[in-house]
>>> print(open('final_31.cif').read())   # mmCIF, C-alpha atoms
data_upload
loop_
_atom_site.label_atom_id
_atom_site.label_comp_id
_atom_site.auth_asym_id
_atom_site.auth_seq_id
_atom_site.Cartn_x
_atom_site.Cartn_y
_atom_site.Cartn_z
CA MET A 18 -6.38 19.66 -18.38
CA GLY A 19 -8.32 16.54 -19.33
CA SER A 20 -6.76 14.35 -16.65
CA LEU A 21 -7.25 16.86 -13.89
CA ASN A 22 -10.85 17.51 -14.88
CA MET A 23 -11.47 13.77 -14.88
CA ILE A 24 -10.12 13.52 -11.37
CA LYS A 25 -12.32 16.38 -10.19
CA MET A 26 -15.38 14.89 -11.88
CA ASN A 27 -14.80 11.43 -10.45
CA SER A 28 -14.05 12.92 -7.07
CA GLY A 29 -17.48 14.50 -7.02
CA LEU A 30 -19.15 11.21 -7.90
CA LEU A 31 -17.08 9.34 -5.35
CA SER A 32 -18.03 11.77 -2.60
CA VAL A 33 -21.70 10.87 -2.92
CA LEU A 34 -21.17 7.46 -1.36
CA PHE A 35 -19.27 8.81 1.59
CA THR A 36 -21.47 11.82 2.33
CA ALA A 37 -23.42 9.55 4.66
CA ILE A 38 -20.30 9.21 6.78
CA MET A 39 -20.15 12.92 7.44
CA LEU A 40 -23.91 13.23 7.94
CA LEU A 41 -23.93 10.45 10.48
CA GLY A 42 -20.85 11.85 12.13
CA SER A 43 -22.34 15.33 12.34
CA CYS A 44 -25.16 13.97 14.48
CA LEU A 45 -22.51 13.07 17.03
CA SER A 46 -20.23 16.06 16.56
CA ILE A 47 -18.42 17.42 19.55
CA SER A 48 -20.90 19.91 21.01
CA ALA A 49 -19.76 20.41 24.59
CA SER A 50 -16.91 22.74 25.48
CA PHE A 51 -13.36 22.10 24.39
CA SER A 52 -12.30 21.33 27.97
CA ASP A 53 -15.07 18.71 28.29
CA ASN A 54 -13.76 16.72 25.35
CA PHE A 55 -10.03 17.44 25.11
CA SER A 56 -6.92 17.77 27.23
CA ILE A 57 -3.99 20.01 26.36
CA VAL A 58 -0.89 17.84 26.25
CA TRP A 59 1.67 20.62 25.99
CA SER A 60 1.92 24.40 25.65
CA GLN A 61 -1.43 25.61 26.93
CA GLN A 62 -0.42 29.16 25.98
CA ASN A 63 -0.35 28.10 22.31
CA VAL A 64 -3.85 26.59 22.27
CA VAL A 65 -6.81 28.95 21.74
CA ALA A 66 -10.24 27.30 21.82
CA ASP A 67 -13.43 29.15 20.89
CA ASP A 68 -16.44 27.08 21.89
CA ALA A 69 -18.86 29.39 20.08
CA SER A 70 -17.30 28.70 16.68
CA SER A 71 -15.95 25.22 17.51
CA ASN A 72 -12.55 26.52 16.36
CA VAL A 73 -9.27 25.49 17.96
CA GLN A 74 -6.12 27.33 16.91
CA LEU A 75 -2.65 25.95 17.56
CA SER A 76 0.46 28.12 17.36
CA LEU A 77 4.12 27.37 16.92
CA THR A 78 6.53 29.92 18.40
CA PRO A 79 10.29 29.86 19.02
CA ASP A 80 9.47 28.63 22.53
CA ALA A 81 7.11 25.75 21.76
CA GLY A 82 4.53 24.11 19.54
CA ALA A 83 1.27 22.69 20.87
CA GLN A 84 -0.78 19.51 21.12
CA PHE A 85 -4.16 18.45 22.46
CA GLU A 86 -5.92 15.10 22.52
CA SER A 87 -9.36 13.64 23.16
CA LYS A 88 -10.21 12.49 26.66
CA GLN A 89 -12.20 9.59 25.22
CA SER A 90 -10.45 6.66 23.53
CA TYR A 91 -11.96 4.54 20.76
CA LEU A 92 -11.51 1.14 19.17
CA TYR A 93 -12.82 1.47 15.58
CA GLY A 94 -15.08 4.18 14.18
CA SER A 95 -15.16 7.28 11.98
CA PHE A 96 -13.17 10.38 12.87
CA SER A 97 -13.01 13.72 11.06
CA VAL A 98 -12.05 17.35 11.46
CA LYS A 99 -12.01 20.47 9.30
CA LEU A 100 -8.53 21.93 8.95
CA LYS A 101 -7.10 25.12 7.46
CA LEU A 102 -3.33 25.22 7.07
CA VAL A 103 -0.86 28.06 7.55
CA GLU A 104 -0.76 30.40 4.58
CA GLY A 105 2.53 31.59 3.12
CA GLU A 106 5.90 30.75 4.67
CA SER A 107 5.67 27.70 6.92
CA ALA A 108 8.97 25.94 6.28
CA GLY A 109 10.16 23.75 9.09
CA THR A 110 6.74 23.15 10.63
CA VAL A 111 4.47 20.13 10.87
CA ALA A 112 0.75 20.04 11.62
CA SER A 113 -0.89 16.75 12.38
CA TYR A 114 -4.22 15.08 13.01
CA TYR A 115 -4.13 11.46 14.13
CA VAL A 116 -5.73 8.55 15.90
CA SER A 117 -3.27 6.80 18.14
CA ILE A 118 -2.90 4.91 21.41
CA LEU A 119 -2.44 6.89 24.50
CA PHE A 120 -5.87 10.29 13.57
CA PRO A 121 3.38 12.04 -16.56
CA VAL A 122 5.56 15.94 -14.74
CA SER A 123 6.82 18.09 -17.61
CA TRP A 124 9.65 20.50 -16.90
CA SER A 125 8.17 22.83 -19.51
CA THR A 126 7.68 26.59 -19.36
CA GLN A 127 3.96 25.96 -18.93
CA CYS A 128 4.53 23.94 -15.80
CA TYR A 129 6.78 26.50 -14.19
CA SER A 130 5.28 29.81 -15.30
CA SER A 131 2.06 29.60 -13.30
CA SER A 132 0.99 28.90 -9.72
CA TRP A 133 2.16 25.76 -7.94
CA TYR A 134 -1.39 24.45 -7.93
CA ARG A 135 -1.49 24.77 -11.75
CA LYS A 136 1.79 22.85 -11.79
CA PHE A 137 0.06 20.01 -9.91
CA ALA A 138 -2.04 19.53 -13.02
CA CYS A 139 1.13 18.77 -14.95
CA LEU A 140 1.51 15.66 -12.83
CA ALA A 141 -1.68 14.41 -14.41
CA GLU A 142 -0.96 15.27 -18.03
CA CYS A 143 2.82 15.32 -18.64
CA ASN A 144 5.51 12.65 -18.71
CA HIS A 145 7.53 12.50 -15.49
CA THR A 146 9.95 10.37 -13.55
CA PHE A 147 9.83 9.31 -9.92
CA ALA A 148 12.97 11.40 -9.28
CA GLU A 149 11.27 14.49 -10.68
CA ARG A 150 8.29 14.00 -8.42
CA MET A 151 10.54 13.57 -5.41
CA PHE A 152 12.39 16.77 -6.36
CA ILE A 153 9.10 18.67 -6.23
CA SER A 154 8.24 16.98 -2.97
CA SER A 155 11.59 18.03 -1.51
CA LEU A 156 10.69 21.69 -1.97
CA THR A 157 8.23 21.54 0.90
CA THR A 158 9.51 22.84 4.20
CA ASN A 159 9.82 21.98 7.84
CA MET A 160 6.66 22.89 9.73
CA TYR A 161 4.63 19.81 10.40
CA ARG A 162 0.96 19.77 11.29
CA VAL A 163 -0.65 16.53 12.37
CA PHE A 164 -4.13 15.08 12.94
CA GLN A 165 -3.96 11.50 14.14
CA LEU A 166 -5.39 8.63 16.15
CA THR A 167 -2.77 7.30 18.51
CA SER A 168 -1.97 5.05 21.41
CA TYR A 169 1.25 5.20 23.39
CA GLY A 170 4.22 3.04 24.30
CA ASP A 171 6.70 0.88 22.43
CA THR A 172 3.91 -1.10 20.76
CA HIS A 173 1.63 1.84 20.00
CA ASP A 174 -0.83 2.05 17.10
CA GLU A 175 -1.37 5.17 15.02
CA ILE A 176 -3.39 6.39 12.02
CA ASP A 177 -2.35 9.84 10.90
CA PHE A 178 -2.57 12.79 8.56
CA GLU A 179 0.52 15.00 8.55
CA PHE A 180 1.06 18.20 6.59
CA LEU A 181 4.55 19.33 5.65
CA GLY A 182 5.03 23.08 5.80
CA ASN A 183 6.19 24.94 2.72
CA GLU A 184 8.08 27.95 1.52
CA THR A 185 5.91 30.81 0.29
CA GLY A 186 4.14 29.95 -2.97
CA GLN A 187 5.09 26.28 -2.96
CA PRO A 188 2.67 23.39 -2.49
CA TYR A 189 1.79 21.53 0.65
CA VAL A 190 2.41 17.80 0.77
CA MET A 191 0.10 15.55 2.77
CA HIS A 192 1.80 12.63 4.47
CA THR A 193 -0.15 9.63 5.81
CA ASN A 194 1.21 6.80 7.88
CA LEU A 195 0.14 3.80 9.92
CA PHE A 196 1.72 2.20 12.98
CA ALA A 197 0.61 -1.24 14.13
CA ASN A 198 2.05 -2.73 17.32
CA GLY A 199 4.88 -0.20 17.29
CA VAL A 200 5.87 -0.74 13.65
CA GLY A 201 5.46 2.18 11.22
CA GLY A 202 7.33 2.95 8.03
CA ARG A 203 4.13 2.79 5.95
CA GLU A 204 4.31 6.31 4.56
CA GLN A 205 2.56 7.77 1.54
CA ARG A 206 2.93 11.38 0.37
CA VAL A 207 0.55 13.09 -2.03
CA PHE A 208 -0.24 16.50 -3.42
CA LEU A 209 -3.75 17.77 -2.81
CA TRP A 210 -5.96 18.96 -5.67
CA PHE A 211 -6.68 22.27 -3.92
CA ASP A 212 -4.89 24.92 -1.90
CA PRO A 213 -5.43 23.83 1.75
CA THR A 214 -4.62 27.32 3.05
CA GLU A 215 -7.52 29.09 1.34
CA ASP A 216 -10.39 27.43 3.21
CA PHE A 217 -11.29 24.63 5.60
CA HIS A 218 -11.30 21.08 4.23
CA THR A 219 -12.42 17.86 5.89
CA TYR A 220 -9.92 15.11 6.72
CA SER A 221 -11.37 11.79 7.88
CA ALA A 222 -10.41 8.26 8.78
CA ILE A 223 -12.77 5.28 8.84
CA TRP A 224 -11.33 2.39 10.82
CA ASN A 225 -13.16 -0.93 11.00
CA HIS A 226 -12.39 -4.63 11.29
CA HIS A 227 -11.82 -4.91 7.53
CA GLN A 228 -9.82 -1.86 6.48
CA ILE A 229 -8.82 1.74 7.15
CA ILE A 230 -9.90 4.44 4.69
CA TRP A 231 -8.29 7.87 4.64
CA LEU A 232 -10.56 10.54 3.09
CA VAL A 233 -10.23 14.19 2.08
CA ASP A 234 -13.51 16.04 1.57
CA ASN A 235 -15.29 12.65 1.59
CA THR A 236 -13.05 11.30 -1.19
CA PRO A 237 -10.93 8.20 -0.36
CA ILE A 238 -7.22 8.83 -0.90
CA ARG A 239 -5.78 5.68 0.70
CA ILE A 240 -6.81 2.25 1.99
CA TYR A 241 -5.09 -0.29 4.23
CA LYS A 242 -6.48 -3.83 4.61
CA ASN A 243 -6.69 -5.97 7.71
CA ILE A 244 -4.66 -9.12 6.92
CA GLU A 245 -4.06 -10.20 10.52
CA ALA A 246 -4.95 -13.77 9.59
CA ILE A 247 -2.02 -13.81 7.14
CA TYR A 248 0.33 -11.27 8.68
CA PRO A 249 -0.13 -10.99 12.47
CA ASN A 250 0.43 -7.66 14.25
CA SER A 251 0.10 -5.68 11.03
CA TYR A 252 -3.23 -4.00 11.80
CA PRO A 253 -4.44 -1.89 14.75
CA SER A 254 -7.09 -4.10 16.33
CA THR A 255 -6.75 -4.32 20.11
CA GLN A 256 -5.49 -1.00 21.46
CA PRO A 257 -7.99 1.84 21.97
CA MET A 258 -6.76 5.12 20.51
CA ASN A 259 -7.17 8.82 21.25
CA ILE A 260 -7.56 11.56 18.67
CA ALA A 261 -4.80 14.16 18.78
CA ALA A 262 -3.79 17.30 16.91
CA SER A 263 -0.49 19.15 17.03
CA ILE A 264 1.90 21.60 15.43
CA TYR A 265 5.65 21.40 15.90
CA GLU A 266 9.03 22.15 14.37
CA ALA A 267 10.70 19.54 12.17
CA SER A 268 13.62 21.46 10.68
CA SER A 269 15.93 18.48 10.98
CA TRP A 270 14.11 16.45 8.32
CA ALA A 271 10.88 17.84 6.89
CA THR A 272 12.25 20.02 4.09
CA ARG A 273 14.85 18.72 1.67
CA GLY A 274 16.12 16.38 4.35
CA GLY A 275 16.63 19.30 6.73
CA ALA A 276 18.34 21.63 4.25
CA VAL A 277 15.70 24.36 4.71
CA PRO A 278 15.22 25.23 8.38
CA ILE A 279 12.31 27.09 9.86
CA ASN A 280 12.37 30.88 9.52
CA TRP A 281 11.28 32.25 12.88
CA ASN A 282 10.83 35.72 11.40
CA TYR A 283 7.42 34.45 10.20
CA ALA A 284 6.34 33.17 13.63
CA PRO A 285 3.91 32.57 15.15
CA PHE A 286 2.74 29.86 12.75
CA LYS A 287 -0.96 29.11 13.26
CA VAL A 288 -3.25 26.29 12.14
CA ASP A 289 -7.01 26.11 12.71
CA PHE A 290 -9.16 23.06 13.47
CA GLN A 291 -12.98 23.04 13.39
CA ASN A 292 -15.99 20.74 13.67
CA PHE A 293 -14.48 17.66 15.24
CA SER A 294 -16.75 14.70 14.56
CA PHE A 295 -16.04 11.35 16.24
CA ASP A 296 -18.39 8.40 15.92
CA GLY A 297 -16.71 5.30 17.29
CA CYS A 298 -16.81 2.50 19.79
CA GLU A 299 -15.87 4.05 23.12
CA ALA A 300 -13.34 1.93 24.96
CA ASN A 301 -13.18 2.45 28.70
CA GLY A 302 -11.03 -0.38 29.95
CA ASP A 303 -13.13 -3.23 28.56
CA ILE A 304 -12.79 -3.58 24.76
CA SER A 305 -15.17 -6.55 24.40
CA SER A 306 -18.01 -4.26 23.33
CA CYS A 307 -15.84 -3.17 20.38
CA THR A 308 -14.52 -6.59 19.39
CA GLU A 309 -17.68 -8.69 19.90
CA ASN A 310 -21.12 -8.17 18.33
CA TYR A 311 -19.83 -5.17 16.42
CA ALA A 312 -21.49 -5.83 13.06
CA GLY A 313 -24.33 -3.40 13.82
CA ASN A 314 -22.02 -0.39 13.89
CA TRP A 315 -22.54 1.59 10.68
CA TRP A 316 -18.80 1.95 10.00
CA GLU A 317 -18.61 -1.86 9.87
CA GLY A 318 -21.18 -2.02 7.07
CA THR A 319 -20.51 -3.55 3.66
CA THR A 320 -20.14 -0.07 2.12
CA TYR A 321 -16.96 0.45 4.14
CA GLN A 322 -15.58 -3.10 4.10
CA GLU A 323 -14.50 -2.96 0.46
CA LEU A 324 -14.47 -0.13 -2.07
CA PRO A 325 -16.31 -1.02 -5.28
CA GLN A 326 -14.18 -1.35 -8.40
CA SER A 327 -15.27 2.02 -9.77
CA GLN A 328 -13.91 3.75 -6.67
CA LEU A 329 -10.74 1.68 -6.72
CA ASN A 330 -10.25 2.83 -10.32
CA HIS A 331 -10.61 6.43 -9.23
CA LEU A 332 -8.20 5.90 -6.35
CA LYS A 333 -5.67 4.42 -8.77
CA GLN A 334 -6.03 7.44 -11.04
CA PHE A 335 -5.54 9.77 -8.08
CA HIS A 336 -2.37 7.95 -7.06
CA GLN A 337 -1.00 8.04 -10.59
CA SER A 338 -1.57 11.79 -10.79
CA TYR A 339 -0.76 13.03 -7.28
CA MET A 340 1.36 10.40 -5.51
CA LEU A 341 4.86 11.59 -4.61
CA TYR A 342 6.03 8.71 -2.47
CA ASP A 343 4.80 5.22 -1.60
CA TYR A 344 6.79 3.03 0.75
CA CYS A 345 5.64 -0.03 -1.19
CA THR A 346 7.64 1.05 -4.24
CA ASP A 347 10.74 2.25 -2.38
CA GLN A 348 13.21 -0.49 -3.22
CA SER A 349 16.06 1.24 -1.40
CA ARG A 350 14.17 0.78 1.87
CA TYR A 351 12.33 -2.41 1.02
CA PRO A 352 14.07 -4.54 -1.65
CA THR A 353 11.20 -6.96 -1.11
CA PRO A 354 7.91 -5.07 -0.73
CA PRO A 355 6.27 -5.47 2.70
CA THR A 356 3.70 -8.24 2.87
CA GLU A 357 0.69 -5.94 3.07
CA CYS A 358 1.53 -4.01 -0.10
CA SER A 359 0.03 -6.50 -2.55
CA TYR A 360 -3.25 -6.46 -0.60
CA ASN A 361 -3.48 -2.66 -0.69
CA GLU A 362 -2.77 -2.20 -4.40
CA VAL A 363 -5.41 -0.30 -6.37
#
>>> encode(input="final_31.cif", output="structure tokens")
Amino acid sequence: MGSLNMIKMNSGLLSVLFTAIMLLGSCLSISASFSDNFSIVWSQQNVVADDASSNVQLSLTPDAGAQFESKQSYLYGSFSVKLKLVEGESAGTVASYYVSILFPVSWSTQCYSSSWYRKFACLAECNHTFAERMFISSLTTNMYRVFQLTSYGDTHDEIDFEFLGNETGQPYVMHTNLFANGVGGREQRVFLWFDPTEDFHTYSAIWNHHQIIWLVDNTPIRIYKNIEAIYPNSYPSTQPMNIAASIYEASSWATRGGAVPINWNYAPFKVDFQNFSFDGCEANGDISSCTENYAGNWWEGTTYQELPQSQLNHLKQFHQSYMLYDYCTDQSRYPTPPTECSYNEV
């Protein structure tokens, strides 16, 4: 378990730097009622908001999923939420949180005789092939949960966290993606180092003029650099985005390419969101306040412009141990890696 322990140890050290993000964000946490800050996009009957506990529960039924989004839009900032995923059977579902324009494995007895989360450790300490990792990834099922920043339209931007549902006892896979000016296809999929159904965990995105950082429990798990000067229209930089959360069915593709459909006998599928914390540049028609004289915003500070080498080393170790898929290494899709890939290597 040496590799896994090293990851946990480094993760704790790495979190220290980013604790300030959550502390600053908590000062500006959503404190008014749900209806003051959010609009229900679809299926009001499947959205239950409790202002006293700051909990919002979304349900997926045979009739519909659910989605809500922030009334305020932002251009750059820090955005986070606590999320607890569906326990047990959740095949065919997707939960999401996103910011968008309107957030070596051994096939040994040891690896397969214990819980799936023990088997994750094998990724860090056993020899494995990419095909083997993808086989494990394919075991996740079709419910999709999403937390994302998003804009809308053919040229929309989007920064997202998406969680692929699973069959009982099998691991969740977290899927992140980025759209810039309507172009996506920048997916990464990773295992998490904990069971996300047992308790609430914090999922955050820091978006500034220099880079985007995806974080889980204050630990960076992905970066994406702004290289607009070299590769125009590859970075979200001009379109204000809303924060949205949803749950919906994705039986056609989410699990084994659609081979495992959702089992409605386990419905309703429920996912809980808590403690939304948004600290960003509010964009209300005029974006000049977000694109000019922005250096004083804390999320634009040097701490968040570039991860120090020690943290990049940790991020590399995390990817080596828990990465299931990276579009930059998918030669079947991209025989020549996309331009941004070499800038985002760790």
>>> closest_atom_pairs(input="final_31.cif", of="segment 187-302 of chain A", to="segment 318-322 of chain A", cutoff="9 Å", atoms="only C-alpha atoms", output="CSV")
residue,atom,partner,partner_atom,distance
A:Ile223,CA,A:Tyr321,CA,7.9
A:Trp224,CA,A:Tyr321,CA,8.9
A:Asn225,CA,A:Gln322,CA,7.6
A:His226,CA,A:Gln322,CA,8.0
A:His227,CA,A:Gln322,CA,5.4
A:Gln228,CA,A:Gln322,CA,6.4
A:Ile229,CA,A:Tyr321,CA,8.8
A:Ile230,CA,A:Tyr321,CA,8.1
>>> resolve_selection(input="final_31.cif", expression="the PyMOL selection byres ((chain A and resi 332) around 8)", output="mmCIF file with C-alpha atoms, keeping the file's coordinate frame")
data_model
loop_
_atom_site.group_PDB
_atom_site.id
_atom_site.type_symbol
_atom_site.label_atom_id
_atom_site.label_comp_id
_atom_site.auth_asym_id
_atom_site.auth_seq_id
_atom_site.Cartn_x
_atom_site.Cartn_y
_atom_site.Cartn_z
ATOM 1 C CA PRO A 237 -10.930 8.200 -0.360
ATOM 2 C CA ILE A 238 -7.220 8.830 -0.900
ATOM 3 C CA ARG A 239 -5.780 5.680 0.700
ATOM 4 C CA GLN A 328 -13.910 3.750 -6.670
ATOM 5 C CA LEU A 329 -10.740 1.680 -6.720
ATOM 6 C CA ASN A 330 -10.250 2.830 -10.320
ATOM 7 C CA HIS A 331 -10.610 6.430 -9.230
ATOM 8 C CA LYS A 333 -5.670 4.420 -8.770
ATOM 9 C CA GLN A 334 -6.030 7.440 -11.040
ATOM 10 C CA PHE A 335 -5.540 9.770 -8.080
ATOM 11 C CA HIS A 336 -2.370 7.950 -7.060
ATOM 12 C CA VAL A 363 -5.410 -0.300 -6.370
#
>>> residues_around(input="final_31.cif", residues="Glu204 of chain A", least_positions_apart="2", cutoff="8 Å", atoms="all atoms listed in the file", output="ChimeraX atom specification")
/A:192-195,201-202,206,342-344
>>> resolve_selection(input="final_31.cif", expression="the PyMOL selection byres ((chain A and resi 50-56) around 12)", output="ChimeraX atom specification")
/A:46-49,57-61,64-74,83-90,259-262,290-295
>>> resolve_selection(input="final_31.cif", expression="the PyMOL selection byres ((chain A and resi 301-307) around 9)", output="list in words")
Gln89, Ser90, Tyr91, Leu92, Tyr93, Thr255, Gln256, Pro257, Cys298, Glu299, Ala300, Thr308, Glu309, Asn310 and Tyr311 of chain A
>>> closest_residue(input="final_31.cif", among="A:Thr172, A:Gln205, A:Ser95, A:Thr356", to="Ile247 of chain A", atoms="all atoms listed in the file")
A:Thr356
>>> atom_distance(input="final_31.cif", atom1="atom CA of Leu100 of chain A", atom2="atom CA of Met191 of chain A")
12.4 Å
>>> closest_residue(input="final_31.cif", among="A:Glu215, A:Glu245, A:Asp296, A:Glu266", to="Glu317 of chain A", atoms="only C-alpha atoms")
A:Asp296
>>> atom_distance(input="final_31.cif", atom1="atom CA of Asp289 of chain A", atom2="atom CA of Val207 of chain A")
21.1 Å
>>> atom_distance(input="final_31.cif", atom1="atom CA of His218 of chain A", atom2="atom CA of Asp234 of chain A")
6.1 Å
>>> axis_aligned_box(input="final_31.cif", around="segment 303-320 of chain A", padding_each_side="6 Å", output="AutoDock Vina command-line options")
--center_x -18.6 --center_y -3.4 --center_z 15.3 --size_x 23.5 --size_y 22.6 --size_z 38.4
>>> closest_residue(input="final_31.cif", among="A:Gln337, A:Gln187, A:Ser327, A:Thr353", to="Glu104 of chain A", atoms="all atoms listed in the file")
A:Gln187
>>> closest_residue(input="final_31.cif", among="A:Ser263, A:Thr236, A:Asn250, A:Ser97", to="Ser76 of chain A", atoms="all atoms listed in the file")
A:Ser263
>>> closest_residue(input="final_31.cif", among="A:Val190, A:Ile240, A:Leu232, A:Ala197", to="Leu324 of chain A", atoms="only C-alpha atoms")
A:Ile240
